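The structure appears right after this line, and notes come after that.
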Amino acid sequence: MKRILITGALGQIGSELTVKLRNIYGSDHVVATDIRKNDSEAANSGPFEIVDVTDGKAMLETAKKYNADTIIHMAALLSATAEANPVFAWNLNMGGLMNALEVARELNSQFFTPSSIGAFGPSTPKANTPQDTIHRPTTMYGVNKVAGELLSDYYYHKFGVDTRGLRFPGLISYVTPPGGGTTDYAVEIYYEAIKNKRYTSYINKGTYMDMMYMPDALDAIVDLMEADASKLKHRNSFNVTAMSFEPEQIAAEIRKHIPSFEMSYDVDPVRQGIADSWPDSIDASAAKEEWGFKAEYDLEKMTVDMLEKLSVKI
């Protein structure tokens, strides 16, 4: 990667990934794009262009303008938001992905887009979910992710585009507020613990989901994109994970630092239904074997860092 264009650069992952990549490759070598601009570090620390990913012509012109040799396509609607507006989700998620892949094909660029544990479904093995297994998701978001994995594979095999991707679990960050994901409770709980010392979870107790702290997710993207292509067998759908927990466990970890913290439940049937269709834990051995994936943060270490960082931020 030498000249990188990022779509959805002001979103949950993009806002932090943009800054990280600029620190590694230089500010002028990472072009951030999004549908609107804000006052964030990602928007103001280097080149920024307003680009609607459903406009393939505009995306191609922007990539040519900056001679992008790498396209990192992050623009997408998240799980709960997509379920509330499935037609819009399909048009944005799949139309934007197709446009981004076409840009990568036209410019012979390296390409990355994230998948998700949402690509799995109720018939997928829930414990230690294998790298290669059944994909029958029951959400529009999941359908988009499965189609995206297959489409990226197609562009690699058909056109030789160097496509790569990760199946992310729930991502937890102190930088970007929650943005409509099913696993967002694991972010909100830290904010509420500091502000109000209580939290009402929309996900029920006993519901295990895989999670990852954002620094590990960002490292995984960079490591995969820099990996030796000849060693990659799966390319567009590597399982990655750092921890698996249910709401009571994260609450217990918070109480080690805020003893008065209280948690109650008001379960959201939509997001609970999505969570129930996802794995309890997944197997990341393929990522470890093919390009050396390793997560640094577990629940205990992440909780310490989240509470420290959010205490300053809030």
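Here, A, B, ... name the chains of the structure tokens in the order displayed, residue numbers run from 1 inside each chain, and ligands are numbered from 1 in the same displayed order.
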Determine which residues of stretch 130-247 of chain A DSSP labels as strand (DSSP E) from the backbone of this structure, then write them out as a list in words.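 Output for stretch 130-247 of chain A, strand (DSSP E) only: Thr163, Arg164, Leu166, Arg167, Phe168, Gly170, Leu171, Ile172, Arg198, Tyr199, Thr200, Ser201, Met209, Asp210, Met211, Met212, Tyr213, Phe238, Asn239, Met243, Ser244 and Phe245 of chain A.
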Contact check, stretch 150-207 of chain A to stretch 302-314 of chain A, at most 10 Å, counting only C-alpha atoms, closest pairs as CSV:
```
residue,atom,partner,partner_atom,distance
A:Ile172,CA,A:Met306,CA,8.8
A:Ser173,CA,A:Met306,CA,7.5
A:Tyr174,CA,A:Leu310,CA,6.1
A:Val175,CA,A:Leu310,CA,8.5
A:Val187,CA,A:Met306,CA,9.0
A:Tyr190,CA,A:Leu307,CA,6.7
A:Tyr191,CA,A:Leu310,CA,7.0
A:Ala193,CA,A:Leu307,CA,8.7
A:Ile194,CA,A:Ser311,CA,6.8
A:Lys195,CA,A:Ile314,CA,7.7
```
What's the 7 Å shell around stretch 248-258 of chain A, counting only C-alpha atoms, without same-chain residues fewer than 2 positions away, as an MDAnalysis selection string? chainID A and resid 205 245:246 260:261 300 303
Report as JSON lines the residues of stretch 79-102 of chain A within 9 Å of stretch 269-281 of chain A, each with its shortest atom pair and distance in Å (one decimal), using only C-alpha atoms, ordered by chain and increasing residue number.
```
{"residue": "A:Ser79", "atom": "CA", "partner": "A:Ile274", "partner_atom": "CA", "distance": 8.2}
{"residue": "A:Ala80", "atom": "CA", "partner": "A:Arg271", "partner_atom": "CA", "distance": 6.4}
{"residue": "A:Glu83", "atom": "CA", "partner": "A:Val270", "partner_atom": "CA", "distance": 8.4}
```
DSSP says alpha helix (DSSP H) for which residues of stretch 78-177 of chain A? Put them as a PyMOL selection string? chain A and resi 79-84+86-107+140-159
Export, as a PDB file, in the first residue's frame, the selected residues with C-alpha atoms.
```
ATOM      1  CA  SER A  79     -26.940  -4.640  11.072  1.00  0.00           C
ATOM      2  CA  ALA A  80     -29.815  -3.108  13.049  1.00  0.00           C
ATOM      3  CA  THR A  81     -30.037  -0.063  10.777  1.00  0.00           C
ATOM      4  CA  ALA A  82     -30.018  -2.271   7.694  1.00  0.00           C
ATOM      5  CA  GLU A  83     -32.835  -4.406   9.094  1.00  0.00           C
ATOM      6  CA  ALA A  84     -34.961  -1.288   9.570  1.00  0.00           C
ATOM      7  CA  PRO A  86     -33.547  -3.385   3.897  1.00  0.00           C
ATOM      8  CA  VAL A  87     -34.034  -1.947   0.402  1.00  0.00           C
ATOM      9  CA  PHE A  88     -31.824   1.038   1.146  1.00  0.00           C
ATOM     10  CA  ALA A  89     -29.293  -1.293   2.786  1.00  0.00           C
ATOM     11  CA  TRP A  90     -29.117  -3.482  -0.327  1.00  0.00           C
ATOM     12  CA  ASN A  91     -28.694  -0.500  -2.654  1.00  0.00           C
ATOM     13  CA  LEU A  92     -26.016   1.113  -0.501  1.00  0.00           C
ATOM     14  CA  ASN A  93     -24.117  -1.957   0.660  1.00  0.00           C
ATOM     15  CA  MET A  94     -24.130  -3.926  -2.576  1.00  0.00           C
ATOM     16  CA  GLY A  95     -24.207  -1.051  -5.055  1.00  0.00           C
ATOM     17  CA  GLY A  96     -21.359   0.688  -3.250  1.00  0.00           C
ATOM     18  CA  LEU A  97     -19.331  -2.521  -3.081  1.00  0.00           C
ATOM     19  CA  MET A  98     -19.765  -3.213  -6.778  1.00  0.00           C
ATOM     20  CA  ASN A  99     -18.658   0.324  -7.624  1.00  0.00           C
ATOM     21  CA  ALA A 100     -15.605   0.028  -5.389  1.00  0.00           C
ATOM     22  CA  LEU A 101     -14.626  -3.318  -6.918  1.00  0.00           C
ATOM     23  CA  GLU A 102     -14.976  -1.860 -10.393  1.00  0.00           C
ATOM     24  CA  VAL A 103     -12.646   0.995  -9.431  1.00  0.00           C
ATOM     25  CA  ALA A 104     -10.121  -1.524  -8.120  1.00  0.00           C
ATOM     26  CA  ARG A 105     -10.406  -3.520 -11.365  1.00  0.00           C
ATOM     27  CA  GLU A 106     -10.024  -0.423 -13.533  1.00  0.00           C
ATOM     28  CA  LEU A 107      -6.939   0.808 -11.669  1.00  0.00           C
ATOM     29  CA  MET A 140     -30.401  -8.191   5.143  1.00  0.00           C
ATOM     30  CA  TYR A 141     -27.028  -7.217   6.622  1.00  0.00           C
ATOM     31  CA  GLY A 142     -25.981 -10.863   6.689  1.00  0.00           C
ATOM     32  CA  VAL A 143     -27.154 -11.430   3.131  1.00  0.00           C
ATOM     33  CA  ASN A 144     -25.118  -8.393   2.058  1.00  0.00           C
ATOM     34  CA  LYS A 145     -22.010  -9.729   3.792  1.00  0.00           C
ATOM     35  CA  VAL A 146     -22.241 -13.212   2.261  1.00  0.00           C
ATOM     36  CA  ALA A 147     -22.828 -11.692  -1.173  1.00  0.00           C
ATOM     37  CA  GLY A 148     -19.889  -9.344  -0.578  1.00  0.00           C
ATOM     38  CA  GLU A 149     -17.549 -12.210   0.271  1.00  0.00           C
ATOM     39  CA  LEU A 150     -18.580 -14.088  -2.869  1.00  0.00           C
ATOM     40  CA  LEU A 151     -18.368 -10.983  -5.044  1.00  0.00           C
ATOM     41  CA  SER A 152     -14.864 -10.206  -3.792  1.00  0.00           C
ATOM     42  CA  ASP A 153     -13.836 -13.793  -4.507  1.00  0.00           C
ATOM     43  CA  TYR A 154     -15.326 -13.448  -7.983  1.00  0.00           C
ATOM     44  CA  TYR A 155     -13.306 -10.311  -8.758  1.00  0.00           C
ATOM     45  CA  TYR A 156     -10.142 -12.089  -7.626  1.00  0.00           C
ATOM     46  CA  HIS A 157     -10.731 -15.208  -9.719  1.00  0.00           C
ATOM     47  CA  LYS A 158     -12.308 -13.475 -12.741  1.00  0.00           C
ATOM     48  CA  PHE A 159     -10.254 -10.280 -13.005  1.00  0.00           C
TER      49      PHE A 159
END
```
Excluding same-chain residues fewer than 3 positions from A:Arg167, what lies within 12 Å of it counting only C-alpha atoms, as a PyMOL selection string? chain A and resi 112-120+129-132+142+145-146+148-149+164+170-171+210-212+217+220-221+234-241+282-284+286-287
Near stretch 19-29 of chain A, within 8 Å and counting only C-alpha atoms, which residues show up once chain neighbours fewer than 3 positions away are dropped, as an MDAnalysis selection string? chainID A and resid 2:4 15:16 41:42 45:47 218
Please produce a file of the residues just selected, as a CSV table (one decimal), in the first residue's frame, where the atoms kept are N, CA and C atoms.
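Printed below is result-v6.csv as written:
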```
chain,number,residue,atom,x,y,z
A,2,LYS,N,0.6,2.1,-1.0
A,2,LYS,CA,1.4,3.4,-1.1
A,2,LYS,C,0.5,4.6,-1.1
A,3,ARG,N,-0.6,4.5,-2.0
A,3,ARG,CA,-1.5,5.6,-2.0
A,3,ARG,C,-2.9,4.9,-1.8
A,4,ILE,N,-3.6,5.3,-0.7
A,4,ILE,CA,-4.8,4.6,-0.3
A,4,ILE,C,-6.0,5.5,-0.3
A,15,SER,N,-13.0,6.0,10.7
A,15,SER,CA,-12.5,7.2,11.4
A,15,SER,C,-11.2,6.9,12.1
A,16,GLU,N,-11.0,5.7,12.6
A,16,GLU,CA,-9.8,5.4,13.3
A,16,GLU,C,-8.8,4.8,12.4
A,41,GLU,N,-10.6,14.3,13.3
A,41,GLU,CA,-9.2,14.2,12.9
A,41,GLU,C,-9.1,13.5,11.5
A,42,ALA,N,-9.9,12.5,11.3
A,42,ALA,CA,-9.9,11.7,10.0
A,42,ALA,C,-10.2,12.7,8.9
A,45,SER,N,-7.0,15.7,8.9
A,45,SER,CA,-5.5,15.4,9.0
A,45,SER,C,-4.9,15.1,7.7
A,46,GLY,N,-5.6,15.2,6.6
A,46,GLY,CA,-5.1,14.8,5.3
A,46,GLY,C,-6.1,15.0,4.2
A,47,PRO,N,-5.9,14.6,3.0
A,47,PRO,CA,-6.8,14.8,1.9
A,47,PRO,C,-8.2,14.2,2.2
A,218,LEU,N,-7.8,-2.8,13.8
A,218,LEU,CA,-7.0,-1.9,12.9
A,218,LEU,C,-5.7,-2.6,12.5
```
For atom CA of A:Asn196 and atom CA of A:Met263, quote the distance in Å rounded to one decimal.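 Atom CA of A:Met263 lies at a distance of 10.8 Å from atom CA of A:Asn196.
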Residue contacts of stretch 225-227 of chain A (10 Å, only C-alpha atoms) excluding same-chain residues fewer than 3 positions away, as a compact mmCIF listing (two decimals) with C-alpha atoms, in the first residue's frame:
```
# COMPACT_ATOMS: atom_id res chain seq x y z
CA MET A 1 0.00 0.00 0.00
CA THR A 70 -5.29 0.53 -2.72
CA ILE A 72 -10.35 0.26 1.35
CA GLN A 110 -5.38 -3.77 -4.07
CA PHE A 111 -8.79 -4.02 -2.38
CA PHE A 112 -10.15 -4.51 1.14
CA ASP A 162 -6.08 -8.53 -5.13
CA THR A 163 -9.15 -8.62 -2.88
CA ARG A 164 -8.85 -9.26 0.86
CA GLY A 165 -11.26 -9.17 3.81
CA ASP A 219 -3.84 -3.96 13.28
CA ALA A 220 -5.55 -6.93 11.62
CA ILE A 221 -6.46 -4.84 8.56
CA VAL A 222 -2.91 -3.56 8.13
CA SER A 230 0.96 -16.35 -1.99
CA LYS A 231 0.15 -17.54 1.54
CA LEU A 232 -3.50 -16.46 1.49
CA ARG A 235 -8.56 -13.94 1.16
CA GLU A 290 -2.02 -17.79 6.88
CA TRP A 291 -0.87 -14.33 7.97
CA GLY A 292 -0.09 -14.40 11.70
```
For A:Asp298, find every residue with an atom within 9 Å (counting only C-alpha atoms), except residues of its own chain fewer than 6 positions away, and show them as number ranges by chain. A: 212-213, 242-243
How many Å separate atom CA of A:Ser285 from atom CA of A:Ile13? 23.3 Å
Point-to-point distance from atom CA of A:Phe48 to atom CA of A:Gly160, Å rounded to tenths: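 Interatomic distance here is 28.7 Å.
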I need the residue nearest A:Tyr66 from this list: A:Met209, A:Ile6, A:Leu299, A:Met214. Use only C-alpha atoms for the distance.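 Closest to A:Tyr66 of all the choices is A:Ile6.
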